[in-house]
file entry.pdb (PDB, C-alpha atoms)
MODEL        1
ATOM      1  CA  MET N 133     -38.771  23.510 -21.593
ATOM      2  CA  GLY N 134     -41.024  20.442 -21.497
ATOM      3  CA  TYR N 135     -40.188  17.262 -19.615
ATOM      4  CA  LEU N 136     -39.440  15.352 -22.838
ATOM      5  CA  ASP N 137     -37.025  18.077 -23.897
ATOM      6  CA  GLN N 138     -35.274  17.746 -20.545
ATOM      7  CA  LEU N 139     -34.900  13.992 -21.076
ATOM      8  CA  LYS N 140     -33.492  14.589 -24.577
ATOM      9  CA  GLN N 141     -31.008  17.091 -23.191
ATOM     10  CA  GLN N 142     -29.854  14.665 -20.486
ATOM     11  CA  ALA N 143     -29.522  11.872 -23.037
ATOM     12  CA  ALA N 144     -27.409  14.139 -25.257
ATOM     13  CA  GLN N 145     -25.122  14.911 -22.309
ATOM     14  CA  VAL N 146     -24.723  11.215 -21.544
ATOM     15  CA  LYS N 147     -23.908  10.445 -25.193
ATOM     16  CA  ALA N 148     -21.321  13.235 -25.272
ATOM     17  CA  LYS N 149     -19.688  11.843 -22.117
ATOM     18  CA  GLU N 150     -19.732   8.362 -23.613
ATOM     19  CA  MET N 151     -17.936   9.608 -26.703
ATOM     20  CA  ALA N 152     -15.336  11.513 -24.638
ATOM     21  CA  GLU N 153     -14.806   8.604 -22.259
ATOM     22  CA  GLY N 154     -14.692   6.226 -25.183
ATOM     23  CA  ARG N 155     -11.866   8.200 -26.730
ATOM     24  CA  ASN N 156     -10.013   8.187 -23.391
ATOM     25  CA  GLU N 157     -10.560   4.452 -23.015
ATOM     26  CA  GLU N 158      -9.321   3.875 -26.546
ATOM     27  CA  GLN N 159      -6.142   5.765 -25.690
ATOM     28  CA  LEU N 160      -5.713   3.787 -22.453
ATOM     29  CA  GLN N 161      -6.284   0.494 -24.239
ATOM     30  CA  ASP N 162      -3.890   1.472 -27.022
ATOM     31  CA  LYS N 163      -1.104   2.348 -24.571
ATOM     32  CA  PHE N 164      -1.800  -0.789 -22.554
ATOM     33  CA  ASP N 165      -1.574  -2.984 -25.653
ATOM     34  CA  HIS N 166       1.368  -1.288 -27.348
ATOM     35  CA  ALA N 167       3.491  -0.004 -24.433
ATOM     36  CA  VAL N 168       2.637  -1.675 -21.115
ATOM     37  CA  LEU N 169       2.227  -5.298 -22.238
ATOM     38  CA  PRO N 170       5.353  -5.355 -24.460
ATOM     39  CA  THR N 171       7.315  -3.915 -21.529
ATOM     40  CA  MET N 172       5.956  -6.636 -19.241
ATOM     41  CA  HIS N 173       7.122  -9.318 -21.676
ATOM     42  CA  LYS N 174      10.499  -7.590 -21.950
ATOM     43  CA  LEU N 175      10.812  -7.599 -18.159
ATOM     44  CA  HIS N 176       9.853 -11.253 -17.915
ATOM     45  CA  GLN N 177      12.358 -12.275 -20.573
ATOM     46  CA  TYR N 178      15.142 -10.312 -18.871
ATOM     47  CA  MET N 179      14.320 -11.819 -15.471
ATOM     48  CA  HIS N 180      14.236 -15.283 -17.035
ATOM     49  CA  GLU N 181      17.770 -14.909 -18.330
ATOM     50  CA  MET N 182      18.952 -13.221 -15.113
ATOM     51  CA  THR N 183      17.662 -15.977 -12.808
ATOM     52  CA  GLN N 184      19.129 -18.695 -15.043
ATOM     53  CA  GLN N 185      22.603 -17.164 -14.888
ATOM     54  CA  LEU N 186      22.428 -16.432 -11.160
ATOM     55  CA  ASN N 187      21.405 -19.985 -10.283
ATOM     56  CA  TYR N 188      24.367 -21.223 -12.291
ATOM     57  CA  ILE N 189      26.889 -18.749 -10.880
ATOM     58  CA  LYS N 190      25.522 -18.712  -7.284
ATOM     59  CA  PRO N 191      27.188 -15.432  -6.284
ATOM     60  CA  ASP N 192      28.456 -15.070  -2.722
ATOM     61  CA  THR N 193      25.978 -12.445  -1.500
ATOM     62  CA  THR N 194      25.239 -12.165   2.225
ATOM     63  CA  VAL N 195      22.515 -10.056   3.807
ATOM     64  CA  SER N 196      21.251  -9.250   7.290
ATOM     65  CA  TYR N 197      17.793  -8.310   8.570
ATOM     66  CA  GLU N 198      16.474  -6.707  11.721
ATOM     67  CA  VAL N 199      13.821  -9.045  13.137
ATOM     68  CA  GLU N 200      11.520  -7.702  15.816
ATOM     69  CA  GLY N 201      11.669  -9.736  19.001
ATOM     70  CA  TYR N 202      15.050 -11.220  18.097
ATOM     71  CA  GLY N 203      17.501  -8.630  16.764
ATOM     72  CA  THR N 204      19.891  -8.837  13.818
ATOM     73  CA  PHE N 205      19.522 -12.000  11.747
ATOM     74  CA  ARG N 206      23.002 -12.163  10.215
ATOM     75  CA  ASP N 207      24.894 -13.846   7.394
ATOM     76  CA  LEU N 208      22.044 -15.066   5.207
ATOM     77  CA  ALA N 209      23.205 -16.151   1.750
ATOM     78  CA  GLN N 210      21.066 -14.767  -1.095
ATOM     79  CA  ASN N 211      21.618 -17.682  -3.434
ATOM     80  CA  GLU N 212      18.385 -19.156  -4.854
ATOM     81  CA  TYR N 213      16.281 -17.452  -7.553
ATOM     82  CA  ILE N 214      12.911 -18.603  -8.895
ATOM     83  CA  LEU N 215      10.978 -16.966 -11.726
ATOM     84  CA  GLY N 216       7.221 -17.461 -11.819
ATOM     85  CA  SER N 217       5.494 -18.100 -15.122
ATOM     86  CA  TYR N 218       3.784 -15.196 -16.870
ATOM     87  CA  ASP N 219       0.068 -15.002 -15.970
ATOM     88  CA  LYS N 220      -1.638 -14.093 -19.258
ATOM     89  CA  GLU N 221      -4.937 -13.179 -17.587
ATOM     90  CA  LYS N 222      -3.589 -10.927 -14.831
ATOM     91  CA  HIS N 223      -0.495  -9.912 -16.823
ATOM     92  CA  SER N 224       1.817 -10.483 -13.877
ATOM     93  CA  PHE N 225       4.760 -12.583 -12.718
ATOM     94  CA  PHE N 226       7.093 -12.802  -9.732
ATOM     95  CA  VAL N 227      10.754 -13.266  -8.946
ATOM     96  CA  ARG N 228      11.217 -15.135  -5.660
ATOM     97  CA  ILE N 229      14.592 -15.141  -3.909
ATOM     98  CA  PHE N 230      15.586 -17.335  -0.979
ATOM     99  CA  CYS N 231      18.165 -16.194   1.557
ATOM    100  CA  HIS N 232      19.539 -19.036   3.705
ATOM    101  CA  ALA N 233      21.214 -18.712   7.101
ATOM    102  CA  PRO N 234      24.046 -21.082   8.097
ATOM    103  CA  HIS N 235      22.110 -22.152  11.192
ATOM    104  CA  LYS N 236      18.743 -21.813  12.886
ATOM    105  CA  VAL N 237      18.234 -19.308  15.674
ATOM    106  CA  ARG N 238      16.123 -19.504  18.823
ATOM    107  CA  PHE N 239      14.811 -16.824  21.133
ATOM    108  CA  ASP N 240      12.301 -16.539  23.962
ATOM    109  CA  ILE N 241       9.297 -14.250  24.459
ATOM    110  CA  PRO N 242       8.369 -14.093  28.169
ATOM    111  CA  ASN N 243       4.976 -12.423  27.663
ATOM    112  CA  GLN N 244       1.989 -14.317  26.196
ATOM    113  CA  THR N 245       0.473 -11.256  24.488
ATOM    114  CA  GLN N 246       3.824 -10.383  22.929
ATOM    115  CA  ALA N 247       4.210 -13.987  21.804
ATOM    116  CA  GLU N 248       0.947 -13.762  19.856
ATOM    117  CA  LYS N 249       2.109 -10.515  18.254
ATOM    118  CA  GLN N 250       5.421 -12.169  17.371
ATOM    119  CA  LYS N 251       3.622 -14.961  15.507
ATOM    120  CA  GLU N 252       1.546 -12.434  13.555
ATOM    121  CA  TYR N 253       4.690 -10.449  12.699
ATOM    122  CA  LEU N 254       6.537 -13.497  11.368
ATOM    123  CA  TRP N 255       3.519 -14.702   9.361
ATOM    124  CA  LYS N 256       2.992 -11.253   7.881
ATOM    125  CA  ASN N 257       6.613 -11.070   6.717
ATOM    126  CA  ASN N 258       6.607 -14.639   5.376
ATOM    127  CA  ILE N 259       9.386 -15.836   7.685
ATOM    128  CA  PRO N 260       9.267 -19.627   8.260
ATOM    129  CA  PHE N 261       9.410 -20.524  11.953
ATOM    130  CA  LYS N 262       8.439 -23.006  14.639
ATOM    131  CA  TRP N 263       7.274 -22.165  18.106
ATOM    132  CA  GLY N 264       6.216 -23.723  21.378
ATOM    133  CA  GLN N 265       5.508 -22.599  24.912
ATOM    134  CA  THR N 266       6.456 -23.729  28.390
ATOM    135  CA  THR N 267       4.067 -23.702  31.334
ATOM    136  CA  ASP N 268       4.253 -24.369  35.040
ATOM    137  CA  LYS N 269       2.550 -27.208  36.946
ATOM    138  CA  ARG N 270      -0.714 -25.306  36.860
ATOM    139  CA  GLN N 271      -0.468 -24.838  33.079
ATOM    140  CA  ARG N 272       0.259 -21.153  33.460
ATOM    141  CA  PHE N 273       2.290 -19.496  30.701
ATOM    142  CA  ILE N 274       6.009 -19.068  31.407
ATOM    143  CA  LYS N 275       7.507 -18.261  27.995
ATOM    144  CA  ALA N 276       7.229 -18.903  24.263
ATOM    145  CA  VAL N 277      10.198 -20.319  22.362
ATOM    146  CA  PHE N 278      10.594 -19.342  18.687
ATOM    147  CA  GLU N 279      12.902 -21.003  16.180
ATOM    148  CA  LEU N 280      13.563 -19.317  12.850
ATOM    149  CA  LYS N 281      14.233 -21.898  10.173
ATOM    150  CA  GLY N 282      17.118 -19.892   8.759
ATOM    151  CA  GLU N 283      15.355 -18.500   5.708
ATOM    152  CA  ILE N 284      14.134 -15.111   4.512
ATOM    153  CA  ILE N 285      12.025 -15.004   1.334
ATOM    154  CA  ILE N 286      12.280 -11.980  -0.961
ATOM    155  CA  GLU N 287       9.663 -11.454  -3.644
ATOM    156  CA  PHE N 288       9.345  -8.989  -6.515
ATOM    157  CA  THR N 289       5.892  -9.056  -8.148
ATOM    158  CA  PHE N 290       5.480  -7.242 -11.472
ATOM    159  CA  SER N 291       2.003  -6.548 -12.886
ATOM    160  CA  ALA N 292       0.450  -4.445 -15.637
ATOM    161  CA  ASP N 293      -1.530  -1.451 -14.360
ATOM    162  CA  TYR N 294      -4.219  -0.594 -16.910
ATOM    163  CA  ASP N 295      -5.556   2.604 -15.325
ATOM    164  CA  ARG N 296      -2.103   4.126 -14.832
ATOM    165  CA  SER N 297      -0.646   2.776 -18.092
ATOM    166  CA  ALA N 298       2.354   1.618 -16.102
ATOM    167  CA  ILE N 299       4.187  -1.290 -14.507
ATOM    168  CA  LYS N 300       3.262  -1.986 -10.909
ATOM    169  CA  LEU N 301       5.986  -3.526  -8.736
ATOM    170  CA  ASN N 302       5.575  -4.856  -5.214
ATOM    171  CA  ALA N 303       8.882  -5.576  -3.452
ATOM    172  CA  ARG N 304       8.738  -7.692  -0.323
ATOM    173  CA  ASN N 305      11.514  -8.240   2.253
ATOM    174  CA  PHE N 306      14.296  -6.765   0.161
ATOM    175  CA  ALA N 307      16.032  -3.803   1.807
ATOM    176  CA  GLU N 308      14.154  -4.577   5.022
ATOM    177  CA  LEU N 309      11.291  -6.736   6.200
ATOM    178  CA  GLY N 310       7.973  -5.450   4.869
ATOM    179  CA  GLN N 311       6.563  -4.321   1.533
ATOM    180  CA  LYS N 312       7.015  -1.358  -0.791
ATOM    181  CA  ASP N 313       5.067  -0.497  -3.940
ATOM    182  CA  TYR N 314       6.341   1.186  -7.090
ATOM    183  CA  ILE N 315       4.710   2.529 -10.268
ATOM    184  CA  ILE N 316       7.112   2.551 -13.231
ATOM    185  CA  PRO N 317       6.200   4.166 -16.583
ATOM    186  CA  PRO N 318       6.910   1.711 -19.413
ATOM    187  CA  GLU N 319       9.135   4.201 -21.256
ATOM    188  CA  LYS N 320      11.505   4.172 -18.256
ATOM    189  CA  VAL N 321      12.154   0.440 -18.621
ATOM    190  CA  THR N 322      15.157   0.750 -20.908
ATOM    191  CA  ASP N 323      18.052  -1.674 -21.283
ATOM    192  CA  GLU N 324      20.086   0.539 -18.933
ATOM    193  CA  PHE N 325      17.270   0.480 -16.349
ATOM    194  CA  LEU N 326      17.036  -3.316 -16.543
ATOM    195  CA  ASP N 327      20.779  -3.707 -15.974
ATOM    196  CA  LYS N 328      20.643  -1.365 -12.970
ATOM    197  CA  LEU N 329      17.593  -3.194 -11.618
ATOM    198  CA  ALA N 330      19.412  -6.532 -11.898
ATOM    199  CA  MET N 331      22.429  -5.063 -10.073
ATOM    200  CA  TYR N 332      20.086  -3.732  -7.380
ATOM    201  CA  ILE N 333      18.336  -7.084  -6.948
ATOM    202  CA  THR N 334      21.674  -8.930  -6.715
ATOM    203  CA  ARG N 335      23.041  -6.183  -4.400
ATOM    204  CA  ALA N 336      25.888  -5.434  -6.778
ATOM    205  CA  THR N 337      25.040  -1.756  -6.309
ATOM    206  CA  THR N 338      23.456   0.355  -3.591
ATOM    207  CA  GLU N 339      22.004   2.838  -6.092
ATOM    208  CA  ALA N 340      18.330   3.326  -5.208
ATOM    209  CA  ILE N 341      17.089   2.918  -8.764
ATOM    210  CA  LEU N 342      13.482   2.328  -7.662
ATOM    211  CA  LYS N 343      13.282   5.264  -5.254
ATOM    212  CA  PRO N 344      11.827   7.766  -7.805
ATOM    213  CA  TYR N 345       8.908   5.410  -8.440
ATOM    214  CA  GLU N 346       8.015   4.550  -4.834
ATOM    215  CA  VAL N 347       4.353   5.028  -3.870
ATOM    216  CA  GLY N 348       1.986   3.919  -1.129
ATOM    217  CA  SER N 349       0.066   0.693  -1.014
ATOM    218  CA  ILE N 350      -2.050   0.624  -4.185
ATOM    219  CA  TRP N 351      -3.235  -2.932  -4.722
ATOM    220  CA  GLY N 352      -6.569  -3.332  -6.461
ATOM    221  CA  THR N 353      -8.278  -5.236  -9.241
ATOM    222  CA  ILE N 354      -7.281  -4.312 -12.782
ATOM    223  CA  ASN N 355     -10.430  -3.881 -14.867
ATOM    224  CA  ASN N 356      -9.796  -4.142 -18.585
ATOM    225  CA  ASP N 357     -13.449  -3.668 -19.623
ATOM    226  CA  PRO N 358     -13.834   0.005 -20.667
ATOM    227  CA  LYS N 359     -17.604  -0.233 -21.216
ATOM    228  CA  GLU N 360     -18.268  -1.576 -17.731
ATOM    229  CA  LYS N 361     -16.149   1.153 -16.118
ATOM    230  CA  LEU N 362     -17.872   3.852 -18.166
ATOM    231  CA  ARG N 363     -21.325   2.502 -17.342
ATOM    232  CA  ARG N 364     -20.611   2.590 -13.610
ATOM    233  CA  LYS N 365     -19.201   6.096 -13.801
ATOM    234  CA  ILE N 366     -22.233   7.479 -15.648
ATOM    235  CA  LEU N 367     -24.627   5.797 -13.231
ATOM    236  CA  GLU N 368     -22.783   7.263 -10.256
ATOM    237  CA  GLU N 369     -22.902  10.752 -11.785
ATOM    238  CA  GLN N 370     -26.619  10.431 -12.543
ATOM    239  CA  GLN N 371     -27.401   9.264  -9.020
ATOM    240  CA  ALA N 372     -25.418  12.136  -7.569
ATOM    241  CA  SER N 373     -27.255  14.708  -9.738
ATOM    242  CA  THR N 374     -30.747  13.320  -9.034
ATOM    243  CA  SER N 375     -30.405  12.715  -5.284
ATOM    244  CA  PRO N 376     -32.329  15.321  -3.260
ATOM    245  CA  ALA N 377     -30.222  17.954  -1.645
ATOM    246  CA  ALA N 378     -30.063  17.989   2.116
ATOM    247  CA  PRO N 379     -32.456  20.584   3.598
ATOM    248  CA  PRO N 380     -30.765  23.638   5.036
ATOM    249  CA  PRO N 381     -30.509  23.719   8.808
ATOM    250  CA  PRO N 382     -33.382  25.577  10.512
ATOM    251  CA  LYS N 383     -32.707  29.156  11.350
ATOM    252  CA  THR N 384     -32.528  29.921  15.013
ATOM    253  CA  ALA N 385     -33.203  33.274  16.586
ATOM    254  CA  PRO N 386     -30.088  35.003  17.830
ATOM    255  CA  LYS N 387     -29.511  34.548  21.484
ATOM    256  CA  VAL N 388     -30.155  37.652  23.567
ATOM    257  CA  PRO N 389     -27.738  37.946  26.439
ATOM    258  CA  PRO N 390     -29.505  38.115  29.820
ATOM    259  CA  LYS N 391     -29.785  41.555  31.418
ATOM    260  CA  LYS N 392     -27.408  42.193  34.229
ATOM    261  CA  PRO N 393     -29.132  42.961  37.556
ATOM    262  CA  ALA N 394     -28.927  46.569  38.759
ATOM    263  CA  PRO N 395     -26.127  47.091  41.245
ATOM    264  CA  LYS N 396     -27.215  47.277  44.866
ATOM    265  CA  PRO N 397     -26.647  50.646  46.664
ATOM    266  CA  LYS N 398     -23.496  50.578  48.679
ATOM    267  CA  LYS N 399     -23.751  51.010  52.422
ATOM    268  CA  PRO N 400     -21.697  53.902  53.801
ATOM    269  CA  GLY N 401     -18.477  52.764  55.258
ATOM    270  CA  LEU N 402     -17.309  53.423  58.772
ATOM    271  CA  LEU N 403     -15.353  56.563  57.783
ATOM    272  CA  GLY N 404     -18.303  57.850  55.713
ATOM    273  CA  SER N 405     -20.635  57.566  58.697
ATOM    274  CA  LEU N 406     -18.232  59.460  60.918
ATOM    275  CA  PHE N 407     -17.853  62.341  58.447
ATOM    276  CA  GLY N 408     -21.549  62.480  57.465
ATOM    277  CA  LYS N 409     -21.122  60.913  53.989
ATOM    278  CA  LYS N 410     -23.963  58.810  52.638
TER     279      LYS N 410
ENDMDL
END

call {"tool": "encode", "arguments": {"input": "entry.pdb", "output": "structure tokens"}}
result
Amino acid sequence: MGYLDQLKQQAAQVKAKEMAEGRNEEQLQDKFDHAVLPTMHKLHQYMHEMTQQLNYIKPDTTVSYEVEGYGTFRDLAQNEYILGSYDKEKHSFFVRIFCHAPHKVRFDIPNQTQAEKQKEYLWKNNIPFKWGQTTDKRQRFIKAVFELKGEIIIEFTFSADYDRSAIKLNARNFAELGQKDYIIPPEKVTDEFLDKLAMYITRATTEAILKPYEVGSIWGTINNDPKEKLRRKILEEQQASTSPAAPPPPKTAPKVPPKKPAPKPKKPGLLGSLFGKK
């Protein structure tokens, strides 16, 4: 086969992949447009109505959190709900919930290194606080004093996941401090699911409705340009097929074990000498 024929064959393979990938991308785009996005709008509308009613009713819901460095932060009232506007470019929105404590709390950290870690921990979990430190006459660290402002912020962020054809949910500071990610197929977002989700968010039920959809941390950029994704994939495959293979490791001669030295002749023992043995 001549070199030109090889190029034609490679081009035909690329075109076939483009057609196959194009069909897959068309299916992804179709599901995104006709299943994922309508579900996102349905979710946003439901959350809009839910937050309106909750802010009017102001249910008496109290929660507690375990805070590292302090202990149990008790009796916070989950009583303020904010719905973010729908982002038409990113196809995402958030529900932010404020839990207010009846009073502020203070605690001390006697170690400077631990105090720095405590600040990072509170920032990471979006817990508002103030802090200061006391020193001796020589300006040496004695302790750090932290004051929690009496507020824990919960946030549910919903976004459309193009590649997975699903709803991506990031829940922050709900059951405990920290974040959890969920991937929810759009067909699972029924009216019954939405009611159970609202009961879960308002703590009217302990049913773990989101547990079946829990995944690891999966944040990334959603790319809605099928041609750009296909172009990158083909280029990566071509580079992998044309890159020279690593040379095999050089063969080494098998190691020959060293010869053992011949045993030295034993001298006759005392009894052997007496009885004439050599």

call {"tool": "closest_residue", "arguments": {"input": "entry.pdb", "among": "N:His173, N:His232, N:Arg238, N:Lys190", "to": "Ser217 in chain N", "atoms": "only C-alpha atoms"}}
result
N:His173

call {"tool": "closest_residue", "arguments": {"input": "entry.pdb", "among": "N:Tyr253, N:Tyr135, N:Tyr332, N:Tyr218", "to": "Leu175 in chain N", "atoms": "only C-alpha atoms"}}
result
N:Tyr218

call {"tool": "residues_around", "arguments": {"input": "entry.pdb", "residues": "range 167-170 of chain N", "least_positions_apart": "6", "cutoff": "8 Å", "atoms": "only C-alpha atoms", "output": "MDAnalysis selection string"}}
result
chainID N and resid 223 292:293 297:299 318:319

call {"tool": "closest_residue", "arguments": {"input": "entry.pdb", "among": "N:Asp162, N:Tyr314, N:Asn305, N:Pro191", "to": "Lys256 in chain N", "atoms": "all atoms listed in the file"}}
result
N:Asn305

call {"tool": "resolve_selection", "arguments": {"input": "entry.pdb", "expression": "the PyMOL selection byres ((chain N and resi 202) around 10)", "output": "CSV table (one decimal) with C-alpha atoms, in the coordinates of the input"}}
result
chain,number,residue,atom,x,y,z
N,198,GLU,CA,16.5,-6.7,11.7
N,199,VAL,CA,13.8,-9.0,13.1
N,200,GLU,CA,11.5,-7.7,15.8
N,201,GLY,CA,11.7,-9.7,19.0
N,203,GLY,CA,17.5,-8.6,16.8
N,204,THR,CA,19.9,-8.8,13.8
N,205,PHE,CA,19.5,-12.0,11.7
N,237,VAL,CA,18.2,-19.3,15.7
N,238,ARG,CA,16.1,-19.5,18.8
N,239,PHE,CA,14.8,-16.8,21.1
N,240,ASP,CA,12.3,-16.5,24.0
N,241,ILE,CA,9.3,-14.2,24.5
N,250,GLN,CA,5.4,-12.2,17.4
N,278,PHE,CA,10.6,-19.3,18.7
N,280,LEU,CA,13.6,-19.3,12.8

call {"tool": "residues_around", "arguments": {"input": "entry.pdb", "residues": "Pro260 in chain N", "least_positions_apart": "2", "cutoff": "8 Å", "atoms": "only C-alpha atoms", "output": "list in words"}}
result
Leu254, Trp255, Asn258, Lys262, Leu280, Lys281, Gly282, Glu283 and Ile284 of chain N

call {"tool": "write_last_selection", "arguments": {"input": "entry.pdb", "atoms": "C-alpha atoms", "output": "JSON list (two decimals), in the coordinates of the input"}}
result
[["chain", "number", "residue", "atom", "x", "y", "z"],
["N", 254, "LEU", "CA", 6.54, -13.50, 11.37],
["N", 255, "TRP", "CA", 3.52, -14.70, 9.36],
["N", 258, "ASN", "CA", 6.61, -14.64, 5.38],
["N", 262, "LYS", "CA", 8.44, -23.01, 14.64],
["N", 280, "LEU", "CA", 13.56, -19.32, 12.85],
["N", 281, "LYS", "CA", 14.23, -21.90, 10.17],
["N", 282, "GLY", "CA", 17.12, -19.89, 8.76],
["N", 283, "GLU", "CA", 15.36, -18.50, 5.71],
["N", 284, "ILE", "CA", 14.13, -15.11, 4.51]]

call {"tool": "resolve_selection", "arguments": {"input": "entry.pdb", "expression": "the PyMOL selection byres ((chain N and resi 343) around 12)", "output": "mmCIF file with C-alpha atoms, in the frame of the given file"}}
result
data_model
loop_
_atom_site.group_PDB
_atom_site.id
_atom_site.type_symbol
_atom_site.label_atom_id
_atom_site.label_comp_id
_atom_site.auth_asym_id
_atom_site.auth_seq_id
_atom_site.Cartn_x
_atom_site.Cartn_y
_atom_site.Cartn_z
ATOM 1 C CA LEU N 301 5.986 -3.526 -8.736
ATOM 2 C CA ALA N 303 8.882 -5.576 -3.452
ATOM 3 C CA ALA N 307 16.032 -3.803 1.807
ATOM 4 C CA LYS N 312 7.015 -1.358 -0.791
ATOM 5 C CA ASP N 313 5.067 -0.497 -3.940
ATOM 6 C CA TYR N 314 6.341 1.186 -7.090
ATOM 7 C CA ILE N 315 4.710 2.529 -10.268
ATOM 8 C CA ILE N 316 7.112 2.551 -13.231
ATOM 9 C CA LEU N 329 17.593 -3.194 -11.618
ATOM 10 C CA TYR N 332 20.086 -3.732 -7.380
ATOM 11 C CA THR N 338 23.456 0.355 -3.591
ATOM 12 C CA GLU N 339 22.004 2.838 -6.092
ATOM 13 C CA ALA N 340 18.330 3.326 -5.208
ATOM 14 C CA ILE N 341 17.089 2.918 -8.764
ATOM 15 C CA LEU N 342 13.482 2.328 -7.662
ATOM 16 C CA PRO N 344 11.827 7.766 -7.805
ATOM 17 C CA TYR N 345 8.908 5.410 -8.440
ATOM 18 C CA GLU N 346 8.015 4.550 -4.834
ATOM 19 C CA VAL N 347 4.353 5.028 -3.870
#

call {"tool": "closest_residue", "arguments": {"input": "entry.pdb", "among": "N:Glu248, N:Glu287, N:Asp219, N:Glu158", "to": "Gln311 in chain N", "atoms": "only C-alpha atoms"}}
result
N:Glu287

call {"tool": "atom_distance", "arguments": {"input": "entry.pdb", "atom1": "CA of Glu157 in chain N", "atom2": "CA of His176 in chain N"}}
result
26.3 Å

call {"tool": "atom_distance", "arguments": {"input": "entry.pdb", "atom1": "CA of Leu208 in chain N", "atom2": "CA of Thr193 in chain N"}}
result
8.2 Å

call {"tool": "atom_distance", "arguments": {"input": "entry.pdb", "atom1": "CA of Gln246 in chain N", "atom2": "CA of Ser196 in chain N"}}
result
23.4 Å

call {"tool": "closest_residue", "arguments": {"input": "entry.pdb", "among": "N:Ile333, N:Leu136, N:Met182, N:Ala233", "to": "Tyr197 in chain N", "atoms": "all atoms listed in the file"}}
result
N:Ala233

call {"tool": "resolve_selection", "arguments": {"input": "entry.pdb", "expression": "the PyMOL selection byres ((chain N and resi 228) around 6)", "output": "count of residues only"}}
result
6

call {"tool": "closest_residue", "arguments": {"input": "entry.pdb", "among": "N:Thr171, N:Gln142, N:Asn156, N:Gln265", "to": "Val321 in chain N", "atoms": "only C-alpha atoms"}}
result
N:Thr171
